[in-house]
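The next block is final-v1.cif, given as mmCIF, C-alpha atoms.
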data_input
#
loop_
_atom_site.group_PDB
_atom_site.id
_atom_site.type_symbol
_atom_site.label_atom_id
_atom_site.label_comp_id
_atom_site.auth_asym_id
_atom_site.auth_seq_id
_atom_site.Cartn_x
_atom_site.Cartn_y
_atom_site.Cartn_z
ATOM 1 C CA MET A 68 76.015 93.264 91.386
ATOM 2 C CA PRO A 69 76.163 94.981 87.968
ATOM 3 C CA LEU A 70 79.256 97.073 87.195
ATOM 4 C CA PRO A 71 77.345 100.375 86.676
ATOM 5 C CA ARG A 72 75.894 100.099 90.185
ATOM 6 C CA ILE A 73 79.332 99.294 91.637
ATOM 7 C CA LEU A 74 80.862 102.352 89.931
ATOM 8 C CA ILE A 75 78.097 104.612 91.211
ATOM 9 C CA ILE A 76 78.466 103.231 94.754
ATOM 10 C CA VAL A 77 82.240 103.823 94.640
ATOM 11 C CA VAL A 78 81.675 107.430 93.564
ATOM 12 C CA GLY A 79 79.028 107.757 96.286
ATOM 13 C CA LEU A 80 81.439 106.590 98.962
ATOM 14 C CA VAL A 81 84.222 108.901 97.750
ATOM 15 C CA THR A 82 81.786 111.819 97.489
ATOM 16 C CA THR A 83 80.458 111.230 101.007
ATOM 17 C CA VAL A 84 83.852 111.295 102.730
ATOM 18 C CA SER A 85 86.278 113.223 100.505
ATOM 19 C CA ALA A 86 85.359 116.828 101.327
ATOM 20 C CA VAL A 87 85.337 116.211 105.082
ATOM 21 C CA LEU A 88 88.644 114.338 104.914
ATOM 22 C CA ALA A 89 90.331 116.949 102.732
ATOM 23 C CA ASP A 90 88.924 120.100 104.311
ATOM 24 C CA LEU A 91 88.694 119.091 107.985
ATOM 25 C CA VAL A 92 90.495 115.864 108.921
ATOM 26 C CA ILE A 93 93.771 115.380 107.002
ATOM 27 C CA PRO A 94 96.115 117.902 108.674
ATOM 28 C CA ASP A 95 98.101 119.070 105.606
ATOM 29 C CA LEU A 96 94.933 119.570 103.568
ATOM 30 C CA ALA A 97 92.791 120.945 106.403
ATOM 31 C CA ALA A 98 95.469 123.606 107.005
ATOM 32 C CA GLN A 99 94.554 124.936 103.568
ATOM 33 C CA HIS A 100 90.835 125.032 104.377
ATOM 34 C CA VAL A 101 88.945 125.135 107.690
ATOM 35 C CA HIS A 102 92.134 125.333 109.790
ATOM 36 C CA ASN A 103 93.683 128.077 107.652
ATOM 37 C CA PRO A 104 94.161 131.068 109.982
ATOM 38 C CA HIS A 105 94.133 133.444 106.987
ATOM 39 C CA TRP A 106 90.581 132.502 106.052
ATOM 40 C CA PRO A 107 87.892 134.799 107.454
ATOM 41 C CA PRO A 108 84.972 133.181 109.298
ATOM 42 C CA HIS A 109 82.648 133.671 106.332
ATOM 43 C CA ALA A 110 84.983 131.702 104.020
ATOM 44 C CA LYS A 111 85.123 128.928 106.622
ATOM 45 C CA PHE A 112 81.326 128.982 106.791
ATOM 46 C CA HIS A 113 81.096 128.344 103.051
ATOM 47 C CA ASP A 114 83.650 125.553 103.268
ATOM 48 C CA ALA A 115 81.650 123.945 106.088
ATOM 49 C CA GLN A 116 78.508 124.390 104.017
ATOM 50 C CA TYR A 117 80.220 122.636 101.093
ATOM 51 C CA MET A 118 81.314 119.751 103.337
ATOM 52 C CA VAL A 119 77.813 119.216 104.737
ATOM 53 C CA MET A 120 76.231 119.524 101.298
ATOM 54 C CA THR A 121 78.682 117.030 99.796
ATOM 55 C CA VAL A 122 78.028 114.499 102.572
ATOM 56 C CA LEU A 123 74.260 114.873 102.031
ATOM 57 C CA LEU A 124 74.590 114.518 98.247
ATOM 58 C CA GLY A 125 76.854 111.491 98.692
ATOM 59 C CA LEU A 126 74.442 109.787 101.082
ATOM 60 C CA THR A 127 71.484 110.567 98.808
ATOM 61 C CA GLY A 128 73.328 109.067 95.851
ATOM 62 C CA LEU A 129 74.211 105.976 97.887
ATOM 63 C CA VAL A 130 70.599 105.460 98.982
ATOM 64 C CA LEU A 131 69.408 105.756 95.385
ATOM 65 C CA ALA A 132 72.121 103.403 94.107
ATOM 66 C CA THR A 133 71.607 100.705 96.718
ATOM 67 C CA ARG A 134 67.803 100.561 96.864
ATOM 68 C CA GLN A 135 66.387 97.398 95.396
ATOM 69 C CA GLY A 136 63.525 97.372 92.933
ATOM 70 C CA VAL A 137 62.208 96.007 89.670
ATOM 71 C CA ASN A 138 63.756 98.650 87.407
ATOM 72 C CA PRO A 139 66.853 100.227 88.990
ATOM 73 C CA ARG A 140 67.904 102.249 85.926
ATOM 74 C CA PRO A 141 65.974 105.435 86.758
ATOM 75 C CA ARG A 142 67.303 105.398 90.341
ATOM 76 C CA LEU A 143 70.863 104.784 89.129
ATOM 77 C CA ARG A 144 70.571 107.667 86.661
ATOM 78 C CA CYS A 145 69.265 109.915 89.412
ATOM 79 C CA ALA A 146 72.059 108.768 91.741
ATOM 80 C CA ALA A 147 74.639 109.591 89.058
ATOM 81 C CA VAL A 148 73.213 113.088 88.572
ATOM 82 C CA VAL A 149 73.127 113.741 92.322
ATOM 83 C CA LEU A 150 76.700 112.479 92.734
ATOM 84 C CA ALA A 151 77.976 114.492 89.774
ATOM 85 C CA THR A 152 76.722 117.740 91.327
ATOM 86 C CA PRO A 153 79.583 118.521 93.761
ATOM 87 C CA TRP A 154 82.248 117.434 91.245
ATOM 88 C CA LEU A 155 80.765 119.604 88.493
ATOM 89 C CA GLY A 156 80.485 122.415 91.036
ATOM 90 C CA MET A 157 84.173 122.110 91.858
ATOM 91 C CA ILE A 158 85.170 122.408 88.202
ATOM 92 C CA GLY A 159 82.583 125.119 87.544
ATOM 93 C CA ALA A 160 83.891 127.201 90.468
ATOM 94 C CA LEU A 161 87.101 127.767 88.501
ATOM 95 C CA LEU A 162 85.107 129.779 85.941
ATOM 96 C CA PHE A 163 84.373 132.539 88.459
ATOM 97 C CA PRO A 164 86.736 135.521 88.548
ATOM 98 C CA GLY A 165 89.299 135.522 91.330
ATOM 99 C CA THR A 166 88.962 131.820 92.178
ATOM 100 C CA ALA A 167 91.747 129.255 92.275
ATOM 101 C CA ALA A 168 92.032 125.582 93.166
ATOM 102 C CA TYR A 169 94.635 126.452 95.837
ATOM 103 C CA ASP A 170 96.019 129.434 97.727
ATOM 104 C CA PRO A 171 99.455 130.687 96.586
ATOM 105 C CA GLU A 172 100.868 130.253 100.104
ATOM 106 C CA PHE A 173 100.395 126.490 99.686
ATOM 107 C CA ALA A 174 101.834 126.177 96.167
ATOM 108 C CA ASP A 175 104.799 124.112 97.391
ATOM 109 C CA ARG A 176 102.481 121.723 99.307
ATOM 110 C CA THR A 177 99.860 121.311 96.586
ATOM 111 C CA VAL A 178 99.544 117.940 94.864
ATOM 112 C CA PHE A 179 99.288 117.943 91.079
ATOM 113 C CA VAL A 180 98.387 114.893 89.000
ATOM 114 C CA LEU A 181 99.047 115.044 85.252
ATOM 115 C CA GLY A 182 99.383 118.812 85.573
ATOM 116 C CA LEU A 183 96.010 119.206 87.301
ATOM 117 C CA HIS A 184 95.359 120.170 90.906
ATOM 118 C CA GLY A 185 94.647 116.955 92.846
ATOM 119 C CA GLN A 186 91.030 117.931 93.608
ATOM 120 C CA ILE A 187 90.337 118.777 89.970
ATOM 121 C CA PHE A 188 91.925 115.501 88.869
ATOM 122 C CA LEU A 189 89.747 113.610 91.379
ATOM 123 C CA ALA A 190 86.644 115.451 90.120
ATOM 124 C CA ILE A 191 87.424 114.415 86.541
ATOM 125 C CA VAL A 192 87.975 110.788 87.608
ATOM 126 C CA MET A 193 84.672 110.734 89.529
ATOM 127 C CA LEU A 194 82.795 112.237 86.577
ATOM 128 C CA ALA A 195 84.444 109.742 84.209
ATOM 129 C CA LEU A 196 83.337 106.845 86.451
ATOM 130 C CA LEU A 197 79.778 108.178 86.463
ATOM 131 C CA ALA A 198 79.868 108.573 82.667
ATOM 132 C CA ALA A 199 81.180 105.007 82.346
ATOM 133 C CA ALA A 200 78.377 103.752 84.604
ATOM 134 C CA GLY A 201 75.849 105.533 82.402
ATOM 135 C CA THR A 202 77.365 104.117 79.232
ATOM 136 C CA LEU A 203 77.590 100.575 80.601
ATOM 137 C CA GLY A 204 74.031 100.771 81.891
ATOM 138 C CA GLY A 205 72.677 101.003 78.346
ATOM 139 C CA PRO A 206 69.481 102.703 77.296
ATOM 140 C CA GLY A 207 66.610 102.573 79.748
ATOM 141 C CA ARG A 208 63.445 100.762 78.718
ATOM 142 C CA ARG A 209 60.088 100.653 80.384
ATOM 143 C CA ALA A 210 58.925 97.340 81.686
ATOM 144 C CA VAL A 211 56.225 95.686 79.612
ATOM 145 C CA THR A 212 53.564 93.988 81.678
ATOM 146 C CA GLY A 213 50.002 92.900 81.203
ATOM 147 C CA ARG A 214 49.096 93.397 84.861
ATOM 148 C CA ALA A 215 46.635 96.040 85.907
ATOM 149 C CA GLY A 216 48.456 99.125 87.128
ATOM 150 C CA GLY A 217 51.508 98.322 85.016
ATOM 151 C CA ALA A 218 52.788 99.779 81.803
ATOM 152 C CA ASP A 219 51.219 98.663 78.525
ATOM 153 C CA ARG A 220 53.177 98.185 75.303
ATOM 154 C CA ALA A 221 52.987 101.909 74.503
ATOM 155 C CA GLY A 222 54.557 102.702 77.864
ATOM 156 C CA THR A 223 51.425 104.324 79.291
ATOM 157 C CA ARG A 224 50.039 103.422 82.684
ATOM 158 C CA SER A 225 46.823 101.478 82.898
ATOM 159 C CA ARG A 226 44.464 101.777 85.828
ATOM 160 C CA PRO A 227 43.533 98.737 87.876
ATOM 161 C CA GLY A 228 40.305 97.240 86.573
ATOM 162 C CA ARG A 229 40.556 98.933 83.153
ATOM 163 C CA GLN A 230 41.874 97.770 79.841
ATOM 164 C CA ALA A 231 45.081 99.428 78.709
ATOM 165 C CA GLY A 232 45.010 101.019 75.321
#

Any chance you could put this one into structure tokens?
Amino acid sequence: MPLPRILIIVVGLVTTVSAVLADLVIPDLAAQHVHNPHWPPHAKFHDAQYMVMTVLLGLTGLVLATRQGVNPRPRLRCAAVVLATPWLGMIGALLFPGTAAYDPEFADRTVFVLGLHGQIFLAIVMLALLAAAGTLGGPGRRAVTGRAGGADRAGTRSRPGRQAG
């Protein structure tokens, strides 16, 4: 299996499970999210929405990355874009006024890696893996085929029973 596909699948697996693990399952982290008694129901709703959305984006990316076909590059690019969405959203959320990567009451229990909040660090790593997959994948090229219904040398589609060109 080519390295770009492996990288995208790894990011897909992490994307699929990470939000649910962090926000719902792992006790110390879930106490800062869904199980935080200081969060109003509407905040918990949006966290649940984020978890479901991230699982769906992760699964979509995995399906795109693992499907077999003649030219996987377009699907892998699409998978990378889909999988980048929640990680870019996490970083982009910090640009909104009044937001923070963690609540002050949990400052002593928050994990920092290289001076970054653990979630932000993970987002950067996931985006870097997707960028590496895109770089290693090289430029996409259309398949050249002489068959009817395939692409001709100019990259345009020919119709069955007609000459391309």

(message) Here's the selection I'm unsure about, the PyMOL selection byres ((chain A and resi 146-163) around 8); applied to the file above, which residues does it give, as a list in words?
(response)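 Residues picked by the PyMOL selection byres ((chain A and resi 146-163) around 8): Ile75, Val78, Gly79, Thr82, Thr121, Leu124, Gly125, Thr127, Gly128, Leu129, Leu131, Ala132, Arg142, Leu143, Arg144, Cys145, Pro164, Gly165, Thr166, Ala167, Ala168, Ile187, Ala190, Ile191, Met193, Leu194, Leu197 and Gly201 of chain A.
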
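Counting from CA of Leu70 in chain A, the distance to CA of Gly204 in chain A is 8.3 Å.
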
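Going from CA of Arg176 in chain A to CA of Gln116 in chain A covers 24.6 Å.
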
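From CA of Ile93 in chain A back to CA of Lys111 in chain A, the distance works out to 16.1 Å.
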
(message) I want to know what sits within 10 Å of Thr177 in chain A, based on only C-alpha atoms, with residues of the same chain fewer than 4 positions away left out; could you give that as a VMD selection string?
(response) chain A and resid 95 to 96 99 168 to 173 184 to 186

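Taken over the shown file, the PyMOL selection byres ((chain A and resi 97) around 12) identifies Ser85, Ala86, Val87, Leu88, Ala89, Asp90, Leu91, Val92, Ile93, Pro94, Asp95, Leu96, Ala98, Gln99, His100, Val101, His102, Asn103, Pro104, Trp106, Lys111, Asp114, Ala115, Met118 and Phe173 of chain A.
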
(request) Could you tell me which residues the PyMOL selection byres ((chain A and resi 68) around 12) grabs in this file, written as a PyMOL selection string? (result) chain A and resi 69-76+132-133+135+139

May I have the residues from that selection written out with C-alpha atoms, as a short mmCIF file (atom, residue, chain, number, x, y, z; two decimals), in the coordinates of the input?
data_model
loop_
_atom_site.label_atom_id
_atom_site.label_comp_id
_atom_site.auth_asym_id
_atom_site.auth_seq_id
_atom_site.Cartn_x
_atom_site.Cartn_y
_atom_site.Cartn_z
CA PRO A 69 76.16 94.98 87.97
CA LEU A 70 79.26 97.07 87.20
CA PRO A 71 77.34 100.38 86.68
CA ARG A 72 75.89 100.10 90.18
CA ILE A 73 79.33 99.29 91.64
CA LEU A 74 80.86 102.35 89.93
CA ILE A 75 78.10 104.61 91.21
CA ILE A 76 78.47 103.23 94.75
CA ALA A 132 72.12 103.40 94.11
CA THR A 133 71.61 100.70 96.72
CA GLN A 135 66.39 97.40 95.40
CA PRO A 139 66.85 100.23 88.99
#
